[in-house]
>>> print(open('my_file.cif').read())   # mmCIF, C-alpha atoms
data_work
#
loop_
_atom_site.group_PDB
_atom_site.id
_atom_site.type_symbol
_atom_site.label_atom_id
_atom_site.label_comp_id
_atom_site.auth_asym_id
_atom_site.auth_seq_id
_atom_site.Cartn_x
_atom_site.Cartn_y
_atom_site.Cartn_z
ATOM 1 C CA MET A 1241 0.000 0.000 0.000
ATOM 2 C CA GLN A 1242 1.407 3.364 -0.963
ATOM 3 C CA GLN A 1243 1.102 6.108 1.597
ATOM 4 C CA ILE A 1244 0.789 9.828 0.867
ATOM 5 C CA PRO A 1245 1.815 12.272 3.626
ATOM 6 C CA CYS A 1246 -1.042 14.712 4.182
ATOM 7 C CA PRO A 1247 0.449 18.042 5.361
ATOM 8 C CA TRP A 1248 -1.956 17.980 8.324
ATOM 9 C CA CYS A 1249 -2.807 14.346 9.088
ATOM 10 C CA GLY A 1250 0.516 12.697 8.254
ATOM 11 C CA PRO A 1251 1.019 9.539 6.187
ATOM 12 C CA ARG A 1252 -2.240 7.917 5.129
ATOM 13 C CA ASP A 1253 -3.055 5.126 2.690
ATOM 14 C CA ASP A 1254 -3.502 6.268 -0.894
ATOM 15 C CA TRP A 1255 -7.175 5.247 -1.076
ATOM 16 C CA GLU A 1256 -7.984 8.078 1.350
ATOM 17 C CA PHE A 1257 -7.053 10.618 -1.346
ATOM 18 C CA HIS A 1258 -8.511 12.022 -4.538
ATOM 19 C CA TYR A 1259 -6.237 12.974 -7.396
ATOM 20 C CA GLY A 1260 -6.512 16.550 -8.683
ATOM 21 C CA ALA A 1261 -4.174 16.546 -11.714
ATOM 22 C CA GLU A 1262 -1.481 19.143 -12.450
ATOM 23 C CA ALA A 1263 -0.862 21.841 -9.846
ATOM 24 C CA HIS A 1264 -0.257 25.560 -10.416
ATOM 25 C CA VAL A 1265 -2.562 25.916 -13.422
ATOM 26 C CA ALA A 1266 -3.528 29.541 -12.881
ATOM 27 C CA ARG A 1267 -7.002 30.693 -13.882
ATOM 28 C CA PRO A 1268 -6.795 33.710 -16.235
ATOM 29 C CA GLU A 1269 -6.890 36.974 -14.281
ATOM 30 C CA THR A 1270 -9.052 38.681 -16.913
ATOM 31 C CA PRO A 1271 -11.237 35.929 -18.399
ATOM 32 C CA SER A 1272 -13.102 38.215 -20.793
ATOM 33 C CA ASP A 1273 -9.870 39.056 -22.620
ATOM 34 C CA LYS A 1274 -9.036 35.471 -23.400
ATOM 35 C CA SER A 1275 -9.386 33.838 -26.791
ATOM 36 C CA ASP A 1276 -10.894 30.394 -27.302
ATOM 37 C CA GLU A 1277 -7.369 29.035 -27.708
ATOM 38 C CA ASP A 1278 -6.352 30.502 -24.337
ATOM 39 C CA TRP A 1279 -9.387 28.942 -22.713
ATOM 40 C CA MET A 1280 -8.677 25.601 -24.292
ATOM 41 C CA GLY A 1281 -5.162 25.787 -22.892
ATOM 42 C CA TYR A 1282 -6.406 26.623 -19.415
ATOM 43 C CA LEU A 1283 -9.133 23.996 -19.402
ATOM 44 C CA TYR A 1284 -7.610 21.059 -21.208
ATOM 45 C CA LEU A 1285 -3.899 21.245 -21.970
ATOM 46 C CA ARG A 1286 -1.686 19.655 -19.315
ATOM 47 C CA SER A 1287 2.008 18.867 -19.384
ATOM 48 C CA ASN A 1288 1.736 15.057 -18.961
ATOM 49 C CA THR A 1289 5.188 14.925 -17.403
ATOM 50 C CA LYS A 1290 7.129 11.690 -17.187
ATOM 51 C CA GLY A 1291 9.095 11.872 -13.933
ATOM 52 C CA PRO A 1292 8.840 14.313 -11.003
ATOM 53 C CA PHE A 1293 5.568 16.216 -11.341
ATOM 54 C CA ARG A 1294 3.773 18.843 -9.250
ATOM 55 C CA GLU A 1295 0.185 17.759 -8.783
ATOM 56 C CA ARG A 1296 -2.797 18.334 -6.517
ATOM 57 C CA TRP A 1297 -4.270 15.807 -4.124
ATOM 58 C CA MET A 1298 -7.170 16.013 -1.694
ATOM 59 C CA HIS A 1299 -7.396 14.077 1.556
ATOM 60 C CA ALA A 1300 -10.949 12.951 0.851
ATOM 61 C CA ALA A 1301 -11.477 10.447 3.686
ATOM 62 C CA GLY A 1302 -9.719 12.634 6.246
ATOM 63 C CA CYS A 1303 -9.464 16.410 6.559
ATOM 64 C CA ARG A 1304 -10.784 17.015 2.994
ATOM 65 C CA ARG A 1305 -8.159 19.628 2.212
ATOM 66 C CA TRP A 1306 -6.357 20.170 -1.087
ATOM 67 C CA PHE A 1307 -2.572 20.253 -1.136
ATOM 68 C CA ASN A 1308 0.297 19.762 -3.565
ATOM 69 C CA VAL A 1309 2.526 16.756 -4.041
ATOM 70 C CA ILE A 1310 5.720 16.322 -6.033
ATOM 71 C CA ARG A 1311 5.497 12.766 -7.267
ATOM 72 C CA ASN A 1312 7.431 10.753 -9.776
ATOM 73 C CA THR A 1313 4.806 9.685 -12.306
ATOM 74 C CA VAL A 1314 6.912 6.674 -13.278
ATOM 75 C CA SER A 1315 7.956 5.236 -9.914
ATOM 76 C CA HIS A 1316 5.241 6.908 -7.780
ATOM 77 C CA GLU A 1317 7.927 8.078 -5.371
ATOM 78 C CA VAL A 1318 6.727 11.103 -3.382
ATOM 79 C CA PHE A 1319 9.467 13.737 -3.047
ATOM 80 C CA ALA A 1320 7.605 16.470 -1.181
ATOM 81 C CA VAL A 1321 4.202 17.748 -0.121
ATOM 82 C CA TYR A 1322 3.320 21.400 0.427
ATOM 83 C CA LYS A 1323 0.198 23.359 1.225
ATOM 84 C CA ILE A 1324 -1.741 25.481 -1.245
ATOM 85 C CA GLY A 1325 -0.079 28.884 -1.408
ATOM 86 C CA GLU A 1326 3.293 27.722 -0.100
ATOM 87 C CA THR A 1327 6.417 28.175 -2.183
ATOM 88 C CA PRO A 1328 6.857 24.988 -4.225
ATOM 89 C CA PRO A 1329 9.985 23.084 -3.231
ATOM 90 C CA PRO A 1330 12.370 22.460 -6.127
ATOM 91 C CA LEU A 1331 11.923 19.348 -8.216
ATOM 92 C CA PRO A 1332 14.688 16.781 -7.656
ATOM 93 C CA GLY A 1333 17.818 18.122 -9.346
ATOM 94 C CA GLU A 1334 16.302 21.573 -9.902
ATOM 95 C CA ALA A 1335 17.295 24.948 -8.485
ATOM 96 C CA PRO A 1336 14.856 26.468 -5.933
ATOM 97 C CA ALA A 1337 11.820 28.003 -7.602
ATOM 98 C CA ALA A 1338 10.607 31.563 -7.310
ATOM 99 C CA PRO A 1339 7.874 32.131 -4.704
ATOM 100 C CA ASP A 1340 4.375 31.184 -5.880
ATOM 101 C CA THR A 1341 2.357 34.381 -5.842
ATOM 102 C CA THR A 1342 -0.693 33.019 -7.660
ATOM 103 C CA GLU A 1343 -3.877 34.458 -6.174
ATOM 104 C CA ARG A 1344 -6.293 31.740 -4.974
ATOM 105 C CA MET B 128 -52.300 13.116 19.557
ATOM 106 C CA ASP B 129 -49.106 11.141 19.940
ATOM 107 C CA GLU B 130 -46.250 12.957 21.517
ATOM 108 C CA ALA B 131 -43.334 13.656 19.193
ATOM 109 C CA ARG B 132 -40.538 11.201 19.816
ATOM 110 C CA ALA B 133 -36.946 11.297 18.632
ATOM 111 C CA LEU B 134 -35.995 8.437 16.320
ATOM 112 C CA SER B 135 -32.537 7.072 15.713
ATOM 113 C CA ALA B 136 -31.240 5.241 12.670
ATOM 114 C CA LEU B 137 -30.309 2.469 15.119
ATOM 115 C CA ASP B 138 -33.814 2.009 16.536
ATOM 116 C CA GLY B 139 -34.660 -1.657 16.186
ATOM 117 C CA VAL B 140 -31.060 -2.479 15.272
ATOM 118 C CA THR B 141 -29.203 -2.519 18.573
ATOM 119 C CA GLY B 142 -31.596 -4.978 20.232
ATOM 120 C CA HIS B 143 -32.168 -5.216 23.959
ATOM 121 C CA SER B 144 -29.421 -4.177 26.295
ATOM 122 C CA GLY B 145 -27.633 -6.969 28.098
ATOM 123 C CA GLY B 146 -25.280 -9.865 27.462
ATOM 124 C CA ALA B 147 -22.521 -11.710 29.244
ATOM 125 C CA TRP B 148 -21.082 -9.722 32.171
ATOM 126 C CA ASP B 149 -17.569 -10.664 31.121
ATOM 127 C CA ALA B 150 -18.038 -9.877 27.438
ATOM 128 C CA GLY B 151 -14.889 -8.472 25.867
ATOM 129 C CA ILE B 152 -16.829 -5.728 24.120
ATOM 130 C CA VAL B 153 -19.600 -3.376 25.204
ATOM 131 C CA LEU B 154 -21.448 -1.654 22.346
ATOM 132 C CA THR B 155 -23.636 1.349 23.164
ATOM 133 C CA GLU B 156 -25.465 3.830 21.020
ATOM 134 C CA VAL B 157 -24.800 7.326 22.329
ATOM 135 C CA ARG B 158 -28.329 8.637 21.914
ATOM 136 C CA PHE B 159 -28.731 12.043 20.310
ATOM 137 C CA PRO B 160 -25.575 13.947 21.140
ATOM 138 C CA THR B 161 -25.559 17.520 19.897
ATOM 139 C CA LEU B 162 -23.075 17.795 17.040
ATOM 140 C CA LEU B 163 -22.130 21.220 15.757
ATOM 141 C CA ASN B 164 -19.877 21.779 12.799
ATOM 142 C CA LEU B 165 -17.715 24.790 13.515
ATOM 143 C CA ARG B 166 -15.634 26.616 10.938
ATOM 144 C CA GLY B 167 -13.390 29.596 11.384
ATOM 145 C CA THR B 168 -9.832 30.850 11.257
ATOM 146 C CA ALA B 169 -7.641 29.058 13.769
ATOM 147 C CA ALA B 170 -5.129 31.913 13.765
ATOM 148 C CA ASP B 171 -7.822 34.448 14.716
ATOM 149 C CA ALA B 172 -7.465 34.923 18.471
ATOM 150 C CA ALA B 173 -10.978 36.372 18.747
ATOM 151 C CA PHE B 174 -12.415 33.234 17.188
ATOM 152 C CA GLY B 175 -10.620 30.926 19.617
ATOM 153 C CA ALA B 176 -11.551 33.113 22.567
ATOM 154 C CA GLY B 177 -15.206 33.154 21.553
ATOM 155 C CA VAL B 178 -15.328 29.378 21.230
ATOM 156 C CA GLU B 179 -13.649 28.960 24.593
ATOM 157 C CA ALA B 180 -16.076 31.379 26.240
ATOM 158 C CA ALA B 181 -19.128 29.598 24.830
ATOM 159 C CA LEU B 182 -18.031 26.012 25.361
ATOM 160 C CA GLY B 183 -15.484 26.168 28.158
ATOM 161 C CA VAL B 184 -13.137 24.217 25.910
ATOM 162 C CA VAL B 185 -9.921 25.365 24.262
ATOM 163 C CA LEU B 186 -10.066 25.049 20.487
ATOM 164 C CA PRO B 187 -7.681 22.205 19.533
ATOM 165 C CA ALA B 188 -5.043 23.522 17.146
ATOM 166 C CA ALA B 189 -3.082 20.320 16.535
ATOM 167 C CA PRO B 190 -4.436 18.068 13.773
ATOM 168 C CA ASN B 191 -6.587 15.145 14.890
ATOM 169 C CA THR B 192 -6.731 16.090 18.550
ATOM 170 C CA VAL B 193 -9.648 16.608 20.917
ATOM 171 C CA SER B 194 -10.206 19.165 23.646
ATOM 172 C CA GLN B 195 -12.683 18.086 26.267
ATOM 173 C CA ALA B 196 -14.213 19.539 29.396
ATOM 174 C CA ASP B 197 -17.016 17.597 31.082
ATOM 175 C CA GLU B 198 -19.744 17.009 28.517
ATOM 176 C CA ARG B 199 -18.252 19.241 25.824
ATOM 177 C CA ALA B 200 -15.695 17.951 23.348
ATOM 178 C CA VAL B 201 -14.243 19.701 20.324
ATOM 179 C CA LEU B 202 -12.691 17.499 17.642
ATOM 180 C CA TRP B 203 -10.213 18.807 15.085
ATOM 181 C CA LEU B 204 -11.490 17.881 11.620
ATOM 182 C CA ALA B 205 -9.450 20.177 9.373
ATOM 183 C CA PRO B 206 -7.267 23.316 9.690
ATOM 184 C CA ASP B 207 -10.409 25.483 9.733
ATOM 185 C CA GLU B 208 -13.051 22.980 10.808
ATOM 186 C CA TRP B 209 -14.055 21.363 14.094
ATOM 187 C CA LEU B 210 -16.858 19.171 15.410
ATOM 188 C CA VAL B 211 -18.428 20.042 18.735
ATOM 189 C CA VAL B 212 -19.801 16.962 20.501
ATOM 190 C CA ALA B 213 -22.035 17.872 23.417
ATOM 191 C CA THR B 214 -24.210 15.809 25.727
ATOM 192 C CA GLY B 215 -26.129 16.627 28.883
ATOM 193 C CA GLU B 216 -27.570 20.128 29.084
ATOM 194 C CA VAL B 217 -27.361 21.510 25.543
ATOM 195 C CA GLU B 218 -30.261 23.980 25.581
ATOM 196 C CA GLY B 219 -29.101 27.188 23.925
ATOM 197 C CA LEU B 220 -25.633 25.822 23.173
ATOM 198 C CA GLN B 221 -25.742 26.561 19.455
ATOM 199 C CA GLY B 222 -27.091 30.072 20.022
ATOM 200 C CA ASN B 223 -24.408 30.824 22.597
ATOM 201 C CA LEU B 224 -21.701 29.628 20.251
ATOM 202 C CA GLU B 225 -23.129 31.618 17.340
ATOM 203 C CA ASP B 226 -23.279 34.744 19.489
ATOM 204 C CA ALA B 227 -19.726 34.205 20.729
ATOM 205 C CA VAL B 228 -18.287 34.087 17.196
ATOM 206 C CA SER B 229 -20.721 36.525 15.579
ATOM 207 C CA GLY B 230 -18.065 39.219 15.196
ATOM 208 C CA VAL B 231 -15.541 37.062 13.370
ATOM 209 C CA PHE B 232 -15.425 34.995 10.194
ATOM 210 C CA ALA B 233 -17.058 31.770 11.366
ATOM 211 C CA THR B 234 -19.998 29.428 10.840
ATOM 212 C CA VAL B 235 -21.875 27.103 13.186
ATOM 213 C CA VAL B 236 -24.064 24.394 11.662
ATOM 214 C CA ASP B 237 -26.141 21.863 13.603
ATOM 215 C CA LEU B 238 -25.305 18.398 12.245
ATOM 216 C CA SER B 239 -26.864 16.371 15.075
ATOM 217 C CA ASP B 240 -29.233 14.578 12.720
ATOM 218 C CA ASN B 241 -26.455 13.957 10.219
ATOM 219 C CA TYR B 242 -24.567 11.487 12.400
ATOM 220 C CA VAL B 243 -25.006 8.490 14.659
ATOM 221 C CA CYS B 244 -22.569 7.909 17.502
ATOM 222 C CA ILE B 245 -21.620 4.404 18.655
ATOM 223 C CA ARG B 246 -19.450 3.731 21.702
ATOM 224 C CA ILE B 247 -17.317 0.623 21.762
ATOM 225 C CA GLU B 248 -15.534 -0.203 24.988
ATOM 226 C CA GLY B 249 -13.781 -3.213 26.432
ATOM 227 C CA ALA B 250 -10.457 -4.926 26.783
ATOM 228 C CA GLN B 251 -10.648 -6.135 23.175
ATOM 229 C CA ALA B 252 -12.130 -2.986 21.627
ATOM 230 C CA ARG B 253 -8.912 -2.045 19.847
ATOM 231 C CA ARG B 254 -8.641 -5.480 18.251
ATOM 232 C CA VAL B 255 -12.203 -5.240 16.974
ATOM 233 C CA LEU B 256 -11.705 -1.819 15.393
ATOM 234 C CA GLN B 257 -8.384 -2.750 13.823
ATOM 235 C CA LYS B 258 -10.173 -5.356 11.722
ATOM 236 C CA GLY B 259 -11.596 -2.517 9.661
ATOM 237 C CA TRP B 260 -9.575 0.586 10.591
ATOM 238 C CA THR B 261 -6.179 0.936 8.948
ATOM 239 C CA LEU B 262 -4.721 3.656 11.197
ATOM 240 C CA ASP B 263 -2.653 2.392 14.130
ATOM 241 C CA LEU B 264 -4.667 2.416 17.375
ATOM 242 C CA HIS B 265 -1.866 0.976 19.528
ATOM 243 C CA PRO B 266 -1.297 3.173 22.613
ATOM 244 C CA ARG B 267 2.091 4.219 21.221
ATOM 245 C CA ALA B 268 0.280 5.847 18.283
ATOM 246 C CA PHE B 269 -3.241 6.741 19.461
ATOM 247 C CA GLY B 270 -4.867 7.529 22.774
ATOM 248 C CA VAL B 271 -7.391 9.547 24.713
ATOM 249 C CA GLY B 272 -7.507 13.074 23.363
ATOM 250 C CA GLN B 273 -6.920 12.040 19.771
ATOM 251 C CA CYS B 274 -9.361 11.642 16.900
ATOM 252 C CA ALA B 275 -9.093 10.683 13.254
ATOM 253 C CA GLN B 276 -11.185 10.568 10.129
ATOM 254 C CA SER B 277 -10.871 7.591 7.841
ATOM 255 C CA MET B 278 -12.910 4.567 6.834
ATOM 256 C CA LEU B 279 -14.148 1.896 9.245
ATOM 257 C CA ALA B 280 -14.834 -1.197 7.169
ATOM 258 C CA HIS B 281 -15.351 1.056 4.109
ATOM 259 C CA ALA B 282 -17.737 3.431 5.915
ATOM 260 C CA GLY B 283 -16.506 6.982 6.369
ATOM 261 C CA ALA B 284 -16.121 7.569 10.105
ATOM 262 C CA ILE B 285 -14.831 9.922 12.742
ATOM 263 C CA LEU B 286 -13.138 7.985 15.523
ATOM 264 C CA ARG B 287 -11.973 9.211 18.894
ATOM 265 C CA GLN B 288 -10.660 7.437 21.944
ATOM 266 C CA THR B 289 -12.604 8.259 25.092
ATOM 267 C CA SER B 290 -11.033 6.021 27.727
ATOM 268 C CA ASP B 291 -7.959 3.915 28.446
ATOM 269 C CA VAL B 292 -10.017 0.703 28.844
ATOM 270 C CA PRO B 293 -9.877 1.257 25.857
ATOM 271 C CA GLY B 294 -13.093 2.913 24.783
ATOM 272 C CA TYR B 295 -13.828 4.667 21.522
ATOM 273 C CA GLU B 296 -16.630 6.599 19.893
ATOM 274 C CA VAL B 297 -17.388 5.996 16.242
ATOM 275 C CA ILE B 298 -19.369 8.716 14.474
ATOM 276 C CA VAL B 299 -20.916 7.714 11.137
ATOM 277 C CA ARG B 300 -23.634 8.914 8.820
ATOM 278 C CA PRO B 301 -27.136 7.600 9.678
ATOM 279 C CA SER B 302 -27.266 5.698 6.399
ATOM 280 C CA PHE B 303 -24.179 3.778 7.514
ATOM 281 C CA ALA B 304 -25.346 3.306 11.115
ATOM 282 C CA LYS B 305 -26.969 -0.094 10.755
ATOM 283 C CA TYR B 306 -24.148 -1.367 8.592
ATOM 284 C CA THR B 307 -21.529 -0.140 11.071
ATOM 285 C CA TRP B 308 -23.391 -1.554 14.078
ATOM 286 C CA ASP B 309 -23.846 -4.942 12.395
ATOM 287 C CA TRP B 310 -20.195 -4.939 11.369
ATOM 288 C CA LEU B 311 -19.097 -4.155 14.939
ATOM 289 C CA VAL B 312 -21.318 -6.951 16.314
ATOM 290 C CA ASP B 313 -19.871 -9.391 13.810
ATOM 291 C CA ALA B 314 -16.296 -8.260 14.439
ATOM 292 C CA SER B 315 -16.910 -8.580 18.212
ATOM 293 C CA ALA B 316 -18.277 -12.126 17.992
ATOM 294 C CA GLU B 317 -15.043 -13.876 18.889
ATOM 295 C CA TYR B 318 -14.686 -11.805 22.087
ATOM 296 C CA GLY B 319 -18.360 -11.773 23.053
ATOM 297 C CA HIS B 320 -20.311 -8.550 23.164
ATOM 298 C CA ARG B 321 -22.845 -6.913 25.414
ATOM 299 C CA VAL B 322 -25.199 -4.088 24.496
ATOM 300 C CA GLY B 323 -24.887 -1.251 26.951
#
>>> encode(input="my_file.cif", output="structure tokens")
Amino acid sequence: MQQIPCPWCGPRDDWEFHYGAEAHVARPETPSDKSDEDWMGYLYLRSNTKGPFRERWMHAAGCRRWFNVIRNTVSHEVFAVYKIGETPPPLPGEAPAAPDTTER
Amino acid sequence: MDEARALSALDGVTGHSGGAWDAGIVLTEVRFPTLLNLRGTAADAAFGAGVEAALGVVLPAAPNTVSQADERAVLWLAPDEWLVVATGEVEGLQGNLEDAVSGVFATVVDLSDNYVCIRIEGAQARRVLQKGWTLDLHPRAFGVGQCAQSMLAHAGAILRQTSDVPGYEVIVRPSFAKYTWDWLVDASAEYGHRVG
């Protein structure tokens, strides 16, 4: 059984969680300005990364809170978890990222 | 006209009280506790102070912990969400709590009818629960003053330990009450059970 460390509840079995796909997909600040192509990109286009990937998970059977996970999509190894709004830790082998200032 | 009478999802399910005096497990329905869902900002001192003034209980800040004073318990459910479990004299409790947090960003919702509370106590209670509860309930990992949300035999449940016997309270949705009770009876069979 794989365990995912909830930032609040600690390690829990993976069936307690819902998957929320790629993290840090920012909703357009001014939606009315966006073209259909922009909207398609926001709604549907995802990076489909092979390897370490920033993604959202929700602790559905526990505290029901969304958070972010850096997970290797090949091996399922979890490198880090961080709360919504926190600065994303660097991906393995990557320099530290700039602070996440996305409004949520 | 018939007098209005409170009904529980476990009416007709728990059977008559009684059983072997030395049964390893005692199962009891906690009848009609007042359950209030409380949401607010944990970091807001005015919110915590208001809750403490209304309930006489300090708001638990640490995940999955319980603050209790007499017949008032507050369970941590999420960083901004708690469950107040109250028995005994509860007249006006919700109104007092609402008044106490009226000046801050907070909500109080009565969920008493949304849950059924089952107490399981006895020397073998931990063994029974661990048949369907994957989180470690060994005293090194879980004890009085702690709670957790997970699944008990596939039914979403809030669990808290209430005594060192050990005793626990399992809070489930009414639609899962009969299933959970029947599962607990079945899981208790090898130790013998008594209905409290």
>>> interface_residues(input="my_file.cif", of="chain B", to="chain A", cutoff="10 Å", atoms="only C-alpha atoms", output="NGL selection string")
:B and (189-191 or 203-208 or 261-262 or 275-278 or 282-285)
>>> residues_around(input="my_file.cif", residues="B:Cys274", least_positions_apart="5", cutoff="7 Å", atoms="all atoms listed in the file", output="ChimeraX atom specification")
/B:191-193,202,286-288
>>> atom_distance(input="my_file.cif", atom1="atom CA of A:Lys1290", atom2="atom CA of A:Cys1246")
23.1 Å
>>> resolve_selection(input="my_file.cif", expression="the PyMOL selection byres ((chain A and resi 1321) around 8)", output="PyMOL selection string")
chain A and resi 1245-1247+1307-1310+1318-1320+1322-1323
>>> residues_around(input="my_file.cif", residues="A:Asn1288", least_positions_apart="4", cutoff="12 Å", atoms="all atoms listed in the file", output="ChimeraX atom specification")
/A:1261-1263,1284,1292-1295,1312-1314
>>> write_last_selection(input="my_file.cif", atoms="C-alpha atoms", output="short mmCIF file (atom, residue, chain, number, x, y, z; two decimals), keeping the file's coordinate frame")
data_model
loop_
_atom_site.label_atom_id
_atom_site.label_comp_id
_atom_site.auth_asym_id
_atom_site.auth_seq_id
_atom_site.Cartn_x
_atom_site.Cartn_y
_atom_site.Cartn_z
CA ALA A 1261 -4.17 16.55 -11.71
CA GLU A 1262 -1.48 19.14 -12.45
CA ALA A 1263 -0.86 21.84 -9.85
CA TYR A 1284 -7.61 21.06 -21.21
CA PRO A 1292 8.84 14.31 -11.00
CA PHE A 1293 5.57 16.22 -11.34
CA ARG A 1294 3.77 18.84 -9.25
CA GLU A 1295 0.18 17.76 -8.78
CA ASN A 1312 7.43 10.75 -9.78
CA THR A 1313 4.81 9.68 -12.31
CA VAL A 1314 6.91 6.67 -13.28
#
>>> atom_distance(input="my_file.cif", atom1="atom CA of A:Pro1332", atom2="atom CA of A:Asp1254")
22.1 Å
>>> atom_distance(input="my_file.cif", atom1="atom CA of B:Ile152", atom2="atom CA of B:Thr289")
14.6 Å
>>> resolve_selection(input="my_file.cif", expression="the PyMOL selection byres ((chain B and resi 254) around 12)", output="ChimeraX atom specification")
/B:151-152,247-253,255-261,263-265,293-295,311,314-318
>>> decode(input="my_file.cif", residues="stretch 131-170 of chain B", atoms="C-alpha atoms", output="mmCIF file, in the first residue's frame")
data_model
loop_
_atom_site.group_PDB
_atom_site.id
_atom_site.type_symbol
_atom_site.label_atom_id
_atom_site.label_comp_id
_atom_site.auth_asym_id
_atom_site.auth_seq_id
_atom_site.Cartn_x
_atom_site.Cartn_y
_atom_site.Cartn_z
ATOM 1 C CA ALA B 131 -43.334 13.656 19.193
ATOM 2 C CA ARG B 132 -40.538 11.201 19.816
ATOM 3 C CA ALA B 133 -36.946 11.297 18.632
ATOM 4 C CA LEU B 134 -35.995 8.437 16.320
ATOM 5 C CA SER B 135 -32.537 7.072 15.713
ATOM 6 C CA ALA B 136 -31.240 5.241 12.670
ATOM 7 C CA LEU B 137 -30.309 2.469 15.119
ATOM 8 C CA ASP B 138 -33.814 2.009 16.536
ATOM 9 C CA GLY B 139 -34.660 -1.657 16.186
ATOM 10 C CA VAL B 140 -31.060 -2.479 15.272
ATOM 11 C CA THR B 141 -29.203 -2.519 18.573
ATOM 12 C CA GLY B 142 -31.596 -4.978 20.232
ATOM 13 C CA HIS B 143 -32.168 -5.216 23.959
ATOM 14 C CA SER B 144 -29.421 -4.177 26.295
ATOM 15 C CA GLY B 145 -27.633 -6.969 28.098
ATOM 16 C CA GLY B 146 -25.280 -9.865 27.462
ATOM 17 C CA ALA B 147 -22.521 -11.710 29.244
ATOM 18 C CA TRP B 148 -21.082 -9.722 32.171
ATOM 19 C CA ASP B 149 -17.569 -10.664 31.121
ATOM 20 C CA ALA B 150 -18.038 -9.877 27.438
ATOM 21 C CA GLY B 151 -14.889 -8.472 25.867
ATOM 22 C CA ILE B 152 -16.829 -5.728 24.120
ATOM 23 C CA VAL B 153 -19.600 -3.376 25.204
ATOM 24 C CA LEU B 154 -21.448 -1.654 22.346
ATOM 25 C CA THR B 155 -23.636 1.349 23.164
ATOM 26 C CA GLU B 156 -25.465 3.830 21.020
ATOM 27 C CA VAL B 157 -24.800 7.326 22.329
ATOM 28 C CA ARG B 158 -28.329 8.637 21.914
ATOM 29 C CA PHE B 159 -28.731 12.043 20.310
ATOM 30 C CA PRO B 160 -25.575 13.947 21.140
ATOM 31 C CA THR B 161 -25.559 17.520 19.897
ATOM 32 C CA LEU B 162 -23.075 17.795 17.040
ATOM 33 C CA LEU B 163 -22.130 21.220 15.757
ATOM 34 C CA ASN B 164 -19.877 21.779 12.799
ATOM 35 C CA LEU B 165 -17.715 24.790 13.515
ATOM 36 C CA ARG B 166 -15.634 26.616 10.938
ATOM 37 C CA GLY B 167 -13.390 29.596 11.384
ATOM 38 C CA THR B 168 -9.832 30.850 11.257
ATOM 39 C CA ALA B 169 -7.641 29.058 13.769
ATOM 40 C CA ALA B 170 -5.129 31.913 13.765
#
